[in-house]
$ cat data_8.txt   # compact mmCIF, C-alpha atoms
# COMPACT_ATOMS: atom_id res chain seq x y z
CA MET A 133 0.00 0.00 0.00
CA GLU A 134 1.35 3.42 -0.95
CA ARG A 135 2.22 5.61 2.02
CA THR A 136 2.26 9.38 2.26
CA VAL A 137 4.05 11.49 4.85
CA TYR A 138 2.94 15.00 5.77
CA GLY A 139 4.83 17.46 7.95
CA GLN A 140 4.06 20.54 10.01
CA GLY A 141 6.62 23.33 10.47
CA SER A 142 8.57 23.61 13.69
CA VAL A 143 6.31 26.29 15.20
CA GLY A 144 3.22 25.88 13.04
CA GLN A 145 3.13 28.89 10.73
CA LYS A 146 0.88 27.08 8.26
CA PRO A 147 -1.94 24.76 9.37
CA LEU A 148 -2.52 21.18 8.33
CA TYR A 149 -5.89 19.59 9.12
CA TYR A 150 -6.80 15.98 8.54
CA TYR A 151 -9.99 13.97 8.72
CA GLU A 152 -9.97 10.37 9.80
CA ALA A 153 -13.07 8.26 10.43
CA ASP A 154 -14.88 5.19 9.10
CA GLY A 155 -11.93 4.18 6.91
CA GLN A 156 -11.80 7.59 5.22
CA PHE A 157 -8.80 9.93 5.26
CA ALA A 158 -8.42 13.44 3.86
CA PHE A 159 -6.27 16.48 4.55
CA ALA A 160 -6.34 20.20 3.75
CA SER A 161 -4.95 23.54 4.88
CA GLU A 162 -8.44 24.73 5.89
CA ILE A 163 -11.33 23.08 7.69
CA LYS A 164 -13.78 24.52 5.18
CA ALA A 165 -12.17 22.44 2.44
CA LEU A 166 -12.72 19.26 4.44
CA SER A 167 -16.28 20.29 5.27
CA THR A 168 -17.24 19.91 1.59
CA LEU A 169 -16.54 16.17 1.64
CA PRO A 170 -19.74 14.12 1.33
CA PHE A 171 -18.59 11.54 3.87
CA LEU A 172 -17.59 14.07 6.55
CA ASN A 173 -18.87 13.40 10.06
CA LYS A 174 -19.59 16.88 11.48
CA GLU A 175 -20.12 15.81 15.07
CA ILE A 176 -19.03 18.56 17.46
CA ARG A 177 -16.37 17.81 20.06
CA PRO A 178 -17.64 18.87 23.53
CA ASP A 179 -14.26 19.21 25.23
CA ALA A 180 -13.13 21.51 22.40
CA ILE A 181 -15.99 23.86 23.30
CA LYS A 182 -14.72 23.97 26.87
CA ASP A 183 -11.18 24.60 25.59
CA PHE A 184 -12.44 27.50 23.49
CA PHE A 185 -14.05 29.24 26.43
CA ALA A 186 -10.86 28.84 28.46
CA TYR A 187 -8.31 29.87 25.80
CA GLN A 188 -10.34 31.83 23.18
CA TYR A 189 -9.10 29.31 20.61
CA ILE A 190 -8.99 25.53 20.31
CA PRO A 191 -5.48 24.13 20.94
CA ASP A 192 -4.11 21.38 18.69
CA PRO A 193 -4.54 18.57 17.97
CA LYS A 194 -8.25 19.22 18.52
CA THR A 195 -10.67 21.13 16.33
CA ILE A 196 -14.33 21.88 16.93
CA TYR A 197 -15.13 18.65 15.04
CA ARG A 198 -14.55 15.28 16.65
CA CYS A 199 -13.11 13.67 13.49
CA ILE A 200 -10.99 16.58 12.21
CA HIS A 201 -7.58 17.09 13.79
CA LYS A 202 -4.80 19.69 13.59
CA LEU A 203 -1.29 18.37 13.11
CA ALA A 204 0.79 19.81 15.95
CA PRO A 205 3.90 21.90 15.15
CA GLY A 206 7.09 19.91 14.76
CA HIS A 207 5.16 16.72 13.95
CA TRP A 208 4.82 14.41 10.98
CA LEU A 209 1.85 12.34 9.89
CA LYS A 210 2.11 9.09 7.97
CA THR A 211 -0.89 7.47 6.31
CA ASP A 212 -1.65 4.63 3.92
CA GLY A 213 -5.02 6.18 3.08
CA ASN A 214 -6.95 4.27 5.73
CA ARG A 215 -4.99 4.55 8.94
CA SER A 216 -2.51 7.15 10.09
CA ARG A 217 -0.02 7.74 12.85
CA ALA A 218 1.76 10.89 13.98
CA GLY A 219 5.14 11.51 15.54
CA GLN A 220 7.39 14.34 16.59
CA TYR A 221 10.50 15.30 14.62
CA TRP A 222 11.39 18.60 16.35
CA ASP A 223 11.13 20.04 19.83
CA LEU A 224 12.46 23.12 21.55
CA SER A 225 15.03 22.70 24.30
CA PHE A 226 15.73 25.10 27.16
CA ALA A 227 18.05 22.64 28.89
CA ASN A 228 21.36 24.37 28.14
CA PRO A 229 21.25 28.14 28.73
CA SER A 230 24.26 29.90 27.27
CA THR A 231 27.08 31.15 29.49
CA ALA A 232 28.25 33.69 26.90
CA SER A 233 28.32 37.38 27.78
CA PRO A 234 25.25 39.51 26.98
CA ASP A 235 27.23 41.36 24.30
CA LYS A 236 28.21 38.13 22.58
CA LEU A 237 24.67 36.77 22.80
CA GLU A 238 23.30 40.00 21.35
CA ALA A 239 25.75 39.92 18.45
CA GLY A 240 24.92 36.30 17.66
CA LEU A 241 21.20 37.00 17.81
CA TYR A 242 21.51 40.02 15.54
CA ASP A 243 23.35 37.98 12.91
CA LEU A 244 20.73 35.21 13.00
CA ILE A 245 17.75 37.54 12.72
CA ASP A 246 19.46 39.55 10.01
CA ASP A 247 20.02 36.39 7.97
CA ALA A 248 16.46 35.22 8.61
CA VAL A 249 15.18 38.56 7.29
CA ARG A 250 17.48 38.38 4.26
CA LEU A 251 16.24 34.90 3.33
CA ARG A 252 12.59 35.93 3.64
CA MET A 253 13.15 38.93 1.39
CA ILE A 254 13.89 36.62 -1.53
CA SER A 255 10.83 37.11 -3.70
CA ASP A 256 9.86 37.55 -7.34
CA VAL A 257 6.76 39.57 -6.37
CA PRO A 258 6.39 42.92 -4.55
CA LEU A 259 7.38 42.65 -0.90
CA GLY A 260 6.83 44.82 2.17
CA ALA A 261 6.25 44.64 5.92
CA PHE A 262 3.70 45.15 8.66
CA LEU A 263 4.73 47.97 10.98
CA SER A 264 3.04 48.27 14.37
CA GLY A 265 3.90 49.92 17.65
CA GLY A 266 6.09 47.01 18.70
CA VAL A 267 9.84 46.52 18.85
CA ASP A 268 9.63 43.29 16.87
CA SER A 269 8.16 44.61 13.62
CA SER A 270 10.35 47.72 13.93
CA ALA A 271 13.48 45.56 14.13
CA VAL A 272 12.39 43.52 11.11
CA VAL A 273 11.79 46.69 9.09
CA GLY A 274 15.17 48.09 10.12
CA MET A 275 16.96 44.97 8.93
CA MET A 276 14.94 44.91 5.71
CA ALA A 277 16.09 48.46 5.02
CA GLY A 278 19.68 47.30 5.37
CA HIS A 279 19.16 44.66 2.66
CA SER A 280 17.12 46.70 0.21
CA ARG A 281 18.27 49.13 -2.46
CA GLN A 282 14.77 50.59 -2.61
CA PRO A 283 12.66 52.01 0.23
CA VAL A 284 10.87 49.24 2.09
CA THR A 285 7.08 49.33 1.76
CA THR A 286 5.52 49.43 5.24
CA CYS A 287 1.88 49.36 6.33
CA ALA A 288 0.22 50.38 9.59
CA ILE A 289 -3.36 50.50 10.81
CA GLY A 290 -4.89 53.08 13.10
CA PHE A 291 -8.20 53.40 14.94
CA ASP A 292 -10.19 56.40 16.07
CA SER A 293 -9.50 55.33 19.65
CA LYS A 294 -6.06 56.45 20.83
CA ARG A 295 -5.98 53.45 23.14
CA PHE A 296 -5.57 51.12 20.16
CA ASP A 297 -3.76 53.46 17.77
CA GLU A 298 -0.11 52.59 17.02
CA VAL A 299 0.26 54.84 13.99
CA ALA A 300 2.35 57.48 15.78
CA TRP A 301 5.12 54.99 16.61
CA ALA A 302 4.94 53.45 13.16
CA LYS A 303 5.43 56.89 11.61
CA LYS A 304 8.61 57.42 13.64
CA VAL A 305 10.04 54.06 12.59
CA ALA A 306 9.06 54.65 8.96
CA LYS A 307 10.80 58.02 9.02
CA LEU A 308 13.89 56.56 10.69
CA PHE A 309 14.33 53.94 7.96
CA SER A 310 12.96 56.07 5.09
CA THR A 311 10.28 53.56 4.16
CA ASN A 312 7.49 53.91 1.62
CA HIS A 313 4.89 54.10 4.35
CA HIS A 314 1.13 53.54 4.07
CA GLU A 315 -1.49 54.06 6.77
CA PHE A 316 -5.19 53.47 7.10
CA THR A 317 -7.50 54.50 9.93
CA VAL A 318 -10.41 52.14 10.50
CA ARG A 319 -13.62 54.13 10.75
CA GLU A 320 -16.16 51.80 9.15
CA ASN A 321 -18.91 50.01 11.02
CA LEU A 322 -17.01 47.37 12.98
CA PRO A 323 -20.02 45.15 13.82
CA ASP A 324 -20.68 44.73 10.09
CA SER A 325 -16.98 44.07 9.50
CA LEU A 326 -16.90 41.45 12.26
CA THR A 327 -19.68 39.50 10.59
CA LYS A 328 -17.72 39.39 7.35
CA ILE A 329 -14.27 38.78 8.82
CA SER A 330 -15.31 36.07 11.27
CA ARG A 331 -16.39 33.87 8.37
CA TYR A 332 -12.75 33.26 7.52
CA PHE A 333 -12.35 31.27 10.73
CA ASP A 334 -13.66 27.75 10.33
CA GLU A 335 -14.06 27.15 14.05
CA PRO A 336 -14.56 29.30 17.17
CA PHE A 337 -11.87 31.98 17.60
CA ALA A 338 -12.17 35.03 19.86
CA ASP A 339 -8.91 37.01 19.86
CA PRO A 340 -10.15 40.54 19.01
CA SER A 341 -6.82 41.49 17.45
CA PHE A 342 -7.89 39.63 14.31
CA VAL A 343 -9.69 42.86 13.35
CA PRO A 344 -6.58 45.07 12.94
CA THR A 345 -4.74 42.10 11.44
CA TYR A 346 -7.39 41.84 8.75
CA PHE A 347 -7.25 45.53 7.90
CA VAL A 348 -3.45 45.77 7.85
CA SER A 349 -3.41 42.72 5.56
CA GLN A 350 -5.97 44.40 3.33
CA LEU A 351 -3.87 47.57 3.21
CA ALA A 352 -0.66 45.65 2.54
CA ARG A 353 -2.21 43.65 -0.31
CA GLN A 354 -3.00 46.90 -2.10
CA GLN A 355 0.76 47.51 -2.26
CA VAL A 356 2.55 44.14 -2.14
CA THR A 357 2.04 40.39 -2.45
CA VAL A 358 4.33 39.30 0.41
CA ALA A 359 4.66 40.95 3.83
CA LEU A 360 7.18 40.30 6.60
CA ALA A 361 5.89 40.46 10.18
CA GLY A 362 7.32 40.53 13.69
CA ASP A 363 5.38 37.55 15.04
CA GLY A 364 7.21 35.38 17.56
CA GLY A 365 9.28 38.05 19.25
CA ASP A 366 7.20 38.18 22.42
CA GLU A 367 7.18 34.41 22.86
CA ASN A 368 10.90 34.08 22.12
CA PHE A 369 12.07 36.91 24.34
CA ALA A 370 9.38 37.22 27.05
CA GLY A 371 7.95 40.42 25.66
CA TYR A 372 4.41 40.12 27.02
CA SER A 373 3.74 41.79 30.36
CA LYS A 374 2.11 38.59 31.58
CA TYR A 375 5.52 36.91 31.74
CA ARG A 376 6.86 39.52 34.13
CA THR A 377 3.69 39.39 36.23
CA ASP A 378 3.73 35.61 36.40
CA SER A 379 7.43 35.50 37.26
CA ILE A 380 6.86 37.88 40.17
CA GLU A 381 3.93 35.74 41.33
CA ASN A 382 6.13 32.65 41.20
CA GLN A 383 8.84 34.34 43.25
CA LEU A 384 6.22 35.09 45.91
CA ARG A 385 4.91 31.53 45.64
CA ASN A 386 8.37 30.15 46.34
CA LEU A 387 8.55 32.01 49.65
CA PHE A 388 6.01 29.63 51.18
CA PRO A 389 5.95 25.84 51.50
CA GLY A 390 3.29 24.25 49.33
CA ALA A 391 1.19 22.96 52.22
CA LEU A 392 1.13 26.41 53.82
CA ARG A 393 0.22 28.13 50.54
CA ARG A 394 -2.72 25.83 49.96
CA ARG A 395 -4.10 26.53 53.44
CA LEU A 396 -3.26 30.23 53.77
CA PHE A 397 -4.20 31.87 50.48
CA PRO A 398 -7.65 30.43 49.55
CA PRO A 399 -9.45 32.01 52.54
CA LEU A 400 -7.63 35.29 51.92
CA ALA A 401 -8.71 35.18 48.28
CA GLN A 402 -12.29 34.51 49.35
CA LEU A 403 -12.13 37.48 51.71
CA ALA A 404 -10.83 39.75 48.94
CA GLY A 405 -13.55 38.48 46.64
CA GLY A 406 -16.20 39.82 48.97
CA ILE A 407 -15.17 43.39 48.13
CA ASN A 408 -16.23 44.50 44.66
CA THR A 409 -13.47 46.90 43.61
CA PRO A 410 -10.82 46.64 40.86
CA LEU A 411 -8.06 46.37 43.47
CA SER A 412 -9.84 43.63 45.42
CA ARG A 413 -10.44 41.65 42.22
CA LYS A 414 -6.73 41.82 41.41
CA ALA A 415 -5.93 40.79 44.98
CA LYS A 416 -8.28 37.82 44.71
CA SER A 417 -6.65 36.72 41.45
CA LEU A 418 -3.15 37.00 42.94
CA LEU A 419 -4.02 35.21 46.18
CA SER A 420 -5.81 32.43 44.31
CA SER A 421 -2.80 31.96 42.03
CA LEU A 422 -0.36 31.84 44.93
CA ALA A 423 -2.22 28.86 46.38
CA MET A 424 -1.71 26.88 43.17
CA ASP A 425 1.19 25.05 41.60
CA PRO A 426 3.07 27.21 39.04
CA ASP A 427 1.51 25.61 35.96
CA GLN A 428 -2.02 25.89 37.33
CA GLY A 429 -1.35 29.47 38.43
CA PHE A 430 -0.17 30.44 34.94
CA PHE A 431 -3.27 28.90 33.40
CA THR A 432 -5.68 30.44 35.89
CA THR A 433 -4.23 33.95 35.62
CA ASN A 434 -4.55 33.89 31.83
CA CYS A 435 -7.76 31.87 31.54
CA PHE A 436 -10.75 33.68 30.05
CA PHE A 437 -13.50 31.43 31.39
CA ARG A 438 -12.76 29.40 34.48
CA THR A 439 -14.16 25.96 35.17
CA SER A 440 -16.13 27.26 38.14
CA LEU A 441 -18.00 29.68 35.86
CA TRP A 442 -18.49 26.95 33.26
CA ASN A 443 -20.09 24.76 35.92
CA GLU A 444 -22.43 27.59 36.92
CA LEU A 445 -23.62 28.40 33.41
CA VAL A 446 -23.53 25.17 31.40
CA ARG A 447 -26.29 22.60 31.75
CA GLY A 448 -27.63 19.49 30.09
CA GLU A 449 -25.77 17.12 27.78
CA LEU A 450 -22.81 19.46 27.23
CA LYS A 451 -22.29 19.69 30.99
CA ARG A 452 -22.44 15.91 31.40
CA GLU A 453 -20.04 15.27 28.51
CA THR A 454 -17.42 17.69 29.83
CA ASP A 455 -17.61 16.88 33.54
CA GLY A 456 -14.21 15.75 34.71
CA TYR A 457 -12.38 17.45 31.84
CA ASP A 458 -10.14 20.41 32.70
CA PRO A 459 -8.69 22.63 29.91
CA ALA A 460 -5.81 23.38 32.28
CA ASP A 461 -4.51 19.89 31.48
CA ILE A 462 -3.23 21.26 28.15
CA THR A 463 -1.15 23.96 29.85
CA ARG A 464 -0.04 21.52 32.53
CA GLU A 465 1.17 18.94 30.00
CA HIS A 466 3.34 21.37 28.04
CA TYR A 467 4.67 23.08 31.17
CA ARG A 468 5.82 19.74 32.55
CA ASN A 469 7.24 18.57 29.20
CA ALA A 470 9.71 21.46 29.05
CA ASP A 471 13.22 20.11 29.67
CA THR A 472 14.11 22.70 32.32
CA ASP A 473 13.30 23.66 35.89
CA ASP A 474 13.32 27.37 35.06
CA HIS A 475 9.79 28.74 35.47
CA LEU A 476 10.02 31.47 32.82
CA ALA A 477 11.45 29.00 30.31
CA LYS A 478 8.60 26.61 31.07
CA ILE A 479 5.87 29.17 30.42
CA LEU A 480 7.62 30.38 27.25
CA TYR A 481 7.77 26.77 26.06
CA THR A 482 4.09 26.37 26.90
CA ASP A 483 3.07 29.46 24.93
CA ILE A 484 5.24 28.45 21.95
CA LYS A 485 3.38 25.13 21.94
CA THR A 486 -0.11 26.55 22.50
CA TYR A 487 -0.79 30.29 22.25
CA LEU A 488 1.60 30.97 19.38
CA PRO A 489 0.33 28.31 16.92
CA GLY A 490 -3.24 28.23 18.21
CA ASP A 491 -3.93 31.96 18.38
CA ILE A 492 -1.27 34.26 16.90
CA LEU A 493 -0.37 32.24 13.81
CA VAL A 494 -3.96 31.19 13.10
CA LYS A 495 -5.01 34.84 13.23
CA VAL A 496 -2.26 36.01 10.89
CA ASP A 497 -2.72 33.13 8.46
CA ARG A 498 -6.50 33.51 8.17
CA MET A 499 -6.51 37.28 7.89
CA SER A 500 -3.65 37.46 5.39
CA MET A 501 -5.01 34.63 3.25
CA ALA A 502 -8.42 36.33 3.26
CA ASN A 503 -6.67 39.15 1.41
CA SER A 504 -4.50 36.91 -0.81
CA LEU A 505 -1.40 38.08 1.04
CA GLU A 506 1.54 35.86 1.95
CA THR A 507 3.15 36.60 5.32
CA ARG A 508 6.60 35.57 6.51
CA ALA A 509 7.93 35.75 10.07
CA PRO A 510 11.75 35.97 10.38
CA LEU A 511 11.60 35.75 14.19
CA LEU A 512 10.09 32.27 13.83
CA ASP A 513 13.04 30.95 11.86
CA TYR A 514 13.88 27.74 13.74
CA ARG A 515 17.46 28.96 14.25
CA VAL A 516 16.22 32.13 15.95
CA VAL A 517 13.75 30.19 18.11
CA GLU A 518 16.42 27.71 19.22
CA TYR A 519 18.96 30.47 19.87
CA ALA A 520 16.42 32.42 21.93
CA ALA A 521 15.75 29.34 24.04
CA GLY A 522 19.43 29.35 25.00
CA ILE A 523 19.36 32.93 26.30
CA PRO A 524 19.15 32.83 30.12
CA SER A 525 15.85 33.93 31.62
CA ALA A 526 17.60 36.56 33.72
CA LEU A 527 18.49 38.40 30.50
CA LYS A 528 14.96 38.16 29.12
CA LEU A 529 13.39 39.68 32.21
CA HIS A 530 15.90 42.28 33.31
CA GLY A 531 15.06 45.47 35.19
CA LYS A 532 11.63 46.97 35.72
CA GLU A 533 10.51 47.75 32.20
CA LYS A 534 11.66 46.13 28.96
CA ASN A 535 13.60 42.94 28.53
CA THR A 536 17.25 43.07 27.46
CA PHE A 537 16.57 41.03 24.31

$ encode --input "data_8.txt" --output "structure tokens"
Amino acid sequence: MERTVYGQGSVGQKPLYYYEADGQFAFASEIKALSTLPFLNKEIRPDAIKDFFAYQYIPDPKTIYRCIHKLAPGHWLKTDGNRSRAGQYWDLSFANPSTASPDKLEAGLYDLIDDAVRLRMISDVPLGAFLSGGVDSSAVVGMMAGHSRQPVTTCAIGFDSKRFDEVAWAKKVAKLFSTNHHEFTVRENLPDSLTKISRYFDEPFADPSFVPTYFVSQLARQQVTVALAGDGGDENFAGYSKYRTDSIENQLRNLFPGALRRRLFPPLAQLAGGINTPLSRKAKSLLSSLAMDPDQGFFTTNCFFRTSLWNELVRGELKRETDGYDPADITREHYRNADTDDHLAKILYTDIKTYLPGDILVKVDRMSMANSLETRAPLLDYRVVEYAAGIPSALKLHGKEKNTF
């Protein structure tokens, strides 16, 4: 029997879905393609619904359908047309942090990212870049400018609300690197836009940043066919504020023996919960997290819909089918699979296995493809990802504000 092998990239920049049931096998890059098959079993997967409410997306290898699966990043899939099996060919290691000086690490990182940018600029069609208010896309644009004889085409999206508007920073970066800069301020009726845009997701997805991603992709496609983006920088180098917050929580957690934490903090959290103020709600969240193990605390702090609320609101068959299932098991599994005892490294590993491919890369892929735009992410070059894993955590979270790298 002829066999076929499929592969998924190391961090999952492009999706691969496959259907397997009743002796039938099919694969595609989108669920909607599989949904056209006459033999498709469209039974909904109850635990995936619970995952969605917890994470705002459905982590691999699950999808909203029981018989459709997502191939996890760094995995291969072998099939003979009737049966399949999957295996892992790549994983990220944090086991050997570098002992090199910060200056040497910085120089090595610069060279790797610069080469990753250079390789992704190879194109026979017009090429440009997304430019937001972040360091990551700014760095990519700066390196692109160093490799280009012509001004780099950059695109940024603004909103009427200053809270979400990153155009001012993008203008400064565009001026610094003399780019051919394009901007668009979103003023149209967003509820109508949401109805249209949400159709590009083939299963539940609730990260609201898909809206600006759609519009910046639309703007970019008017100028270019390929766009470079800064995705992956926050996960590689602990750029999200949640990493700093969680690391501080874990330092506090380590001040108390586990048995004492589990007895001391729950009643204090309950006491704080009886006061309905923003400060008391934050105190309740912190105290609840301190009573937990580090992996459970990381999940709970970042969870959008806790199991206790699910149990209050969900009834009937869905409740019965999901009783005993905890979405935190996904976070817990990846946290414990990381080959290190360093807490920050463990949560970075967890996000690279879950949040990055399940949320960030899905969002970018769907919104760019909806506009016939190809996106490339130099910071997700496997060499950059592996190098970043070797940078000690103390250098990623250094000082009170921004990380060193």

$ atom_distance --input "data_8.txt" --atom1 "atom CA of A:Thr486" --atom2 "atom CA of A:Ile190"
9.2 Å

$ closest_residue --input "data_8.txt" --among "A:Tyr242, A:Tyr149, A:Tyr187, A:Phe291" --to "A:Ile462" --atoms "only C-alpha atoms"
A:Tyr187

$ residues_around --input "data_8.txt" --residues "A:Ala248" --least-positions-apart "6" --cutoff "9 Å" --atoms "all atoms listed in the file" --output "JSON, numbers by chain"
{"A": [509, 510, 511, 512, 513, 515, 516]}

$ residues_around --input "data_8.txt" --residues "A:Glu453" --least-positions-apart "4" --cutoff "12 Å" --atoms "all atoms listed in the file" --output "MDAnalysis selection string"
chainID A and resid 176:182 446:449 457:458

$ closest_atom_pairs --input "data_8.txt" --of "stretch 203-321 of chain A" --to "stretch 521-525 of chain A" --cutoff "12 Å" --atoms "only C-alpha atoms" --output "JSON lines"
{"residue": "A:Asp223", "atom": "CA", "partner": "A:Ala521", "partner_atom": "CA", "distance": 11.2}
{"residue": "A:Leu224", "atom": "CA", "partner": "A:Ala521", "partner_atom": "CA", "distance": 7.5}
{"residue": "A:Ser225", "atom": "CA", "partner": "A:Ala521", "partner_atom": "CA", "distance": 6.7}
{"residue": "A:Phe226", "atom": "CA", "partner": "A:Ala521", "partner_atom": "CA", "distance": 5.3}
{"residue": "A:Ala227", "atom": "CA", "partner": "A:Gly522", "partner_atom": "CA", "distance": 7.9}
{"residue": "A:Asn228", "atom": "CA", "partner": "A:Gly522", "partner_atom": "CA", "distance": 6.2}
{"residue": "A:Pro229", "atom": "CA", "partner": "A:Gly522", "partner_atom": "CA", "distance": 4.3}
{"residue": "A:Ser230", "atom": "CA", "partner": "A:Gly522", "partner_atom": "CA", "distance": 5.4}
{"residue": "A:Thr231", "atom": "CA", "partner": "A:Pro524", "partner_atom": "CA", "distance": 8.1}
{"residue": "A:Ala232", "atom": "CA", "partner": "A:Ile523", "partner_atom": "CA", "distance": 8.9}
{"residue": "A:Ser233", "atom": "CA", "partner": "A:Ile523", "partner_atom": "CA", "distance": 10.1}
{"residue": "A:Pro234", "atom": "CA", "partner": "A:Ile523", "partner_atom": "CA", "distance": 8.9}
{"residue": "A:Asp235", "atom": "CA", "partner": "A:Ile523", "partner_atom": "CA", "distance": 11.7}
{"residue": "A:Lys236", "atom": "CA", "partner": "A:Ile523", "partner_atom": "CA", "distance": 10.9}
{"residue": "A:Leu237", "atom": "CA", "partner": "A:Ile523", "partner_atom": "CA", "distance": 7.4}
{"residue": "A:Glu238", "atom": "CA", "partner": "A:Ile523", "partner_atom": "CA", "distance": 9.5}
{"residue": "A:Gly240", "atom": "CA", "partner": "A:Ile523", "partner_atom": "CA", "distance": 10.8}
{"residue": "A:Leu241", "atom": "CA", "partner": "A:Ile523", "partner_atom": "CA", "distance": 9.6}

$ residues_around --input "data_8.txt" --residues "A:Glu152" --least-positions-apart "2" --cutoff "10 Å" --atoms "all atoms listed in the file" --output "MDAnalysis selection string"
chainID A and resid 150 154:159 172:173 198:201 213:216

$ residues_near_point --input "data_8.txt" --point "(-9.2, 28.3, 30.2)" --cutoff "7 Å" --atoms "all atoms listed in the file" --output "ChimeraX atom specification"
/A:183,185-187,431,435-438,459-460

$ write_last_selection --input "data_8.txt" --atoms "C-alpha atoms" --output "PDB file, keeping the file's coordinate frame"
ATOM      1  CA  ASP A 183     -11.180  24.600  25.590  1.00  0.00           C
ATOM      2  CA  PHE A 185     -14.050  29.240  26.430  1.00  0.00           C
ATOM      3  CA  ALA A 186     -10.860  28.840  28.460  1.00  0.00           C
ATOM      4  CA  TYR A 187      -8.310  29.870  25.800  1.00  0.00           C
ATOM      5  CA  PHE A 431      -3.270  28.900  33.400  1.00  0.00           C
ATOM      6  CA  CYS A 435      -7.760  31.870  31.540  1.00  0.00           C
ATOM      7  CA  PHE A 436     -10.750  33.680  30.050  1.00  0.00           C
ATOM      8  CA  PHE A 437     -13.500  31.430  31.390  1.00  0.00           C
ATOM      9  CA  ARG A 438     -12.760  29.400  34.480  1.00  0.00           C
ATOM     10  CA  PRO A 459      -8.690  22.630  29.910  1.00  0.00           C
ATOM     11  CA  ALA A 460      -5.810  23.380  32.280  1.00  0.00           C
TER      12      ALA A 460
END

$ atom_distance --input "data_8.txt" --atom1 "atom CA of A:Ser264" --atom2 "atom CA of A:Ala359"
12.9 Å

$ residues_near_point --input "data_8.txt" --point "(3.9, 12.1, 9.5)" --cutoff "12 Å" --atoms "all atoms listed in the file" --output "list in words"
Arg135, Thr136, Val137, Tyr138, Gly139, Gln140, Gly141, Leu148, Tyr150, Leu203, Ala204, Pro205, Gly206, His207, Trp208, Leu209, Lys210, Thr211, Asp212, Arg215, Ser216, Arg217, Ala218, Gly219, Gln220 and Tyr221 of chain A
